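J.: Supplied in structure tokens, the structure appears directly below.
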Amino acid sequence: MTRVAVATRAVVTHAAATRVAVGVVGLVGLAMTGCAKRSAPSGSVASTSALAAAASAGRPSVALGSSAAPGTGSAHAALPALDRLATATAFELTVNAAGATLVWAPAGRRPAALRSLALDASTAPRGGVEVAVEAPVVTGDVSDLSAAWIGQRLALTWLERSGAKARVRAAWAGVAGVPFELGAAWSGPRTARGNVVVASRGDRALVFARGDEAACIDPGRHGCFAFAFHELEEKRAAPAGLPLSVPVPCTDHSASLVVRGTRFHYGVCTDAGKGPVTTLFSIQREPEYARADSLLEGCTPAGTFVWHDAAWLVADCEGGRRAARIGDDPAEFLDLHGQRLECTSGKLRVRAPSLELALDEPRAGLEPLLPPDVAPTGSRAVWTGQALVVASSFAEQLRVSVRRCHGDRLETATLVP
């Protein structure tokens, strides 16, 4: 099978003479060749579109962040008792127009391999706990669970471990049958997150996952792993594009994926011993656009988000958390240290020196933007439209908390202790 090599520790270039089509879900693809001196983020582009993304200063308000003692709310509906997790990363929290959905894998796969609970925008349960994937079709321990709503269907993907082996699997929640097989996977730490990701692309789910060890393309490279895309259709999972061969991927957040309108961003994090390097690829068909950038070199990736009509990579750097805009010139960076939550007249905002994010429409993936005492490492956070919900695990026990504004005061309640 043909593989595309990924260069590391450098800005990756793609000249016309060396570009090849890899056909990732029908979009323009890249062959990654050559190395350049490490520098500030840059890239070679087929076309460019400048996006204005300046942080604005808001009016004074009451700030309740990592150092504040928030009020305790009492009008929050408690969730039913939840199972102990199969692994510390065997849970996911996502959102759609109806509210939030919590998915988890209980230890021992009893009474099901994967279970789900729907919450409305106010965080009250919508019905009871449901079977997302039946127990008999899952034979190993679930970890690194990821989920995304595709219209009215919930796509699930995870790493499944049996002894020293692991594999990538996927399924549609609530659909009987054997999960889709997406290939062998890296059997790394059970606490690792971000080695398999899923996103909505039209009426299909797109999965980007780290596979098992693979041959390195470039002479002298070692420790390479395969990365591959799959599209989940109603009854099958179809490979999309050519697999990648990536040397020495990072333990956490080795795979990134953002689908934003007609623009498609995916990335890999590598660490050959001199610090992490995250290479992001941006692809668009009409007008044709393709580029690759190494962003926030030396920083540990923490996730991605969309803001001001642009995709951003978030990472932990010396001196604090930062973000870099993906796939556009000129390069733009955000200072995210000291993140905090602010309530102003009942409206919740996430604030940092270079960020003011007003929470209005439902959105998932907020955890890299939140204070660490609100969203600890490995957690998931969503805004339902009315409340901020955070799911985390401690000693493989699932915890869920909710925050919302009451005037200028931030109220916090624990739904699952």
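We name chains A, B, ... following the order of the structure tokens; residues begin at 1 in each chain, and ligands are numbered from 1 as shown.
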Would you kindly return, as a PyMOL selection string, each protein, DNA or RNA residue with an atom no farther than 6 Å from any atom of range 89-97 of chain A, considering only C-alpha atoms and excluding same-chain residues fewer than 2 positions away?
T.: chain A and resi 87+99-105+142-146+191+364+380
J.: Just write the chosen residues, C-alpha atoms, as a PDB file, in the first residue's frame.
T.:
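To be explicit, this is the file written out as out36.pdb:
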```
ATOM      1  CA  THR A  87     -10.489   3.028  31.366  1.00  0.00           C
ATOM      2  CA  GLY A  99     -28.587  19.434  24.158  1.00  0.00           C
ATOM      3  CA  ALA A 100     -25.640  17.328  25.295  1.00  0.00           C
ATOM      4  CA  THR A 101     -24.952  13.608  24.990  1.00  0.00           C
ATOM      5  CA  LEU A 102     -22.755  11.726  27.438  1.00  0.00           C
ATOM      6  CA  VAL A 103     -21.287   8.422  26.243  1.00  0.00           C
ATOM      7  CA  TRP A 104     -19.158   6.031  28.295  1.00  0.00           C
ATOM      8  CA  ALA A 105     -17.834   2.463  28.403  1.00  0.00           C
ATOM      9  CA  VAL A 142     -12.498   0.739  25.389  1.00  0.00           C
ATOM     10  CA  SER A 143     -10.294   3.833  25.606  1.00  0.00           C
ATOM     11  CA  ASP A 144      -9.857   7.199  23.852  1.00  0.00           C
ATOM     12  CA  LEU A 145     -13.574   7.374  23.056  1.00  0.00           C
ATOM     13  CA  SER A 146     -14.633  10.062  20.564  1.00  0.00           C
ATOM     14  CA  THR A 191      -4.717   7.521  29.769  1.00  0.00           C
ATOM     15  CA  ALA A 364     -18.416  21.058  21.820  1.00  0.00           C
ATOM     16  CA  ARG A 380     -14.596  17.060  27.809  1.00  0.00           C
TER      17      ARG A 380
END
```
J.: So that I can check the surroundings of Ala395 in chain A, please list as a ChimeraX atom specification every protein, DNA and RNA residue that reaches within 9 Å of it, counting only C-alpha atoms and ignoring chain neighbours fewer than 3 positions away.
T.: /A:84-85,87-88,398
J.: Could you give me the residues within range 121-289 of chain A that DSSP places in strand (DSSP E), as a PyMOL selection string?
T.: chain A and resi 130-133+141-150+153-162+165-172+180-184+196-201+204-213+224-232+237-247+255-260+263-270+277-284+289
J.: Rank nothing, just name the residue among A:Ala155, A:Ala375, A:Ala171, A:Leu366 nearest to Ala391 in chain A, using only C-alpha atoms.
T.: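 Smallest distance to Ala391 in chain A is found for A:Ala375.
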J.: Work out how far CA of Gly365 in chain A is from CA of Ala381 in chain A, in Å to one decimal.
T.: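 Separating CA of Ala381 in chain A from CA of Gly365 in chain A is a distance of 5.9 Å.
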J.: Skipping near chain neighbours, those fewer than 3 positions away, what residues fall within 7 Å of Arg153 in chain A using only C-alpha atoms, listed as a list in words?
T.: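 With the cut-off at 7 Å, the set is Trp149, Ile150 and Trp172 of chain A.
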J.: One decimal, Å: what's the distance from CA of Cys405 in chain A over to CA of Gly338 in chain A, could you say?
T.: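 That distance, rounded to one decimal, is 19.9 Å.
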J.: Can you tell me how far CA of Thr262 in chain A sits from CA of Glu288 in chain A, in Å to one decimal?
T.: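 Computed distance, CA of Thr262 in chain A to CA of Glu288 in chain A, equals 10.6 Å.
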J.: Taking only C-alpha atoms into account, name the residue in A:Asp212, A:Glu332, A:Glu297, A:Glu130 that is nearest to Thr279 in chain A.
T.: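 When distances to Thr279 in chain A are compared using only C-alpha atoms, the smallest one comes from A:Glu297.
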J.: Need to verify the contact set: Lys235 in chain A, 12 Å, only C-alpha atoms, exclusion of same-chain residues closer than 5 positions in sequence. Can you return it as a list of chain:residue names?
T.: A:Ala170, A:Ala171, A:Trp172, A:Val175, A:Ala176, A:Gly177, A:Val178, A:Pro179, A:Phe180, A:Glu181, A:Arg204
J.: Those same residues, written as a tab-separated table (two decimals), in the first residue's frame with N, CA and C atoms?
T.:
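Writing done, so here's result27.tsv:
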```
chain	number	residue	atom	x	y	z
A	170	ALA	N	-15.37	1.57	15.25
A	170	ALA	CA	-16.36	2.65	15.15
A	170	ALA	C	-17.74	2.05	15.00
A	171	ALA	N	-18.75	2.85	15.33
A	171	ALA	CA	-20.13	2.39	15.23
A	171	ALA	C	-21.07	3.59	15.24
A	172	TRP	N	-22.28	3.35	14.79
A	172	TRP	CA	-23.36	4.32	14.97
A	172	TRP	C	-24.09	3.95	16.26
A	175	VAL	N	-27.33	1.33	16.97
A	175	VAL	CA	-27.55	0.46	15.80
A	175	VAL	C	-26.97	-0.91	16.12
A	176	ALA	N	-27.80	-1.95	16.08
A	176	ALA	CA	-27.35	-3.29	16.38
A	176	ALA	C	-26.38	-3.77	15.30
A	177	GLY	N	-25.47	-4.63	15.71
A	177	GLY	CA	-24.53	-5.19	14.76
A	177	GLY	C	-23.09	-5.02	15.23
A	178	VAL	N	-22.19	-5.64	14.48
A	178	VAL	CA	-20.78	-5.60	14.82
A	178	VAL	C	-20.19	-4.24	14.45
A	179	PRO	N	-19.40	-3.63	15.32
A	179	PRO	CA	-18.78	-2.34	14.98
A	179	PRO	C	-17.87	-2.45	13.76
A	180	PHE	N	-17.62	-1.31	13.12
A	180	PHE	CA	-16.73	-1.25	11.98
A	180	PHE	C	-15.28	-1.45	12.44
A	181	GLU	N	-14.52	-2.19	11.66
A	181	GLU	CA	-13.10	-2.40	11.94
A	181	GLU	C	-12.27	-1.42	11.12
A	204	ARG	N	-21.85	12.29	6.48
A	204	ARG	CA	-20.99	11.18	6.87
A	204	ARG	C	-20.07	11.59	8.02
```
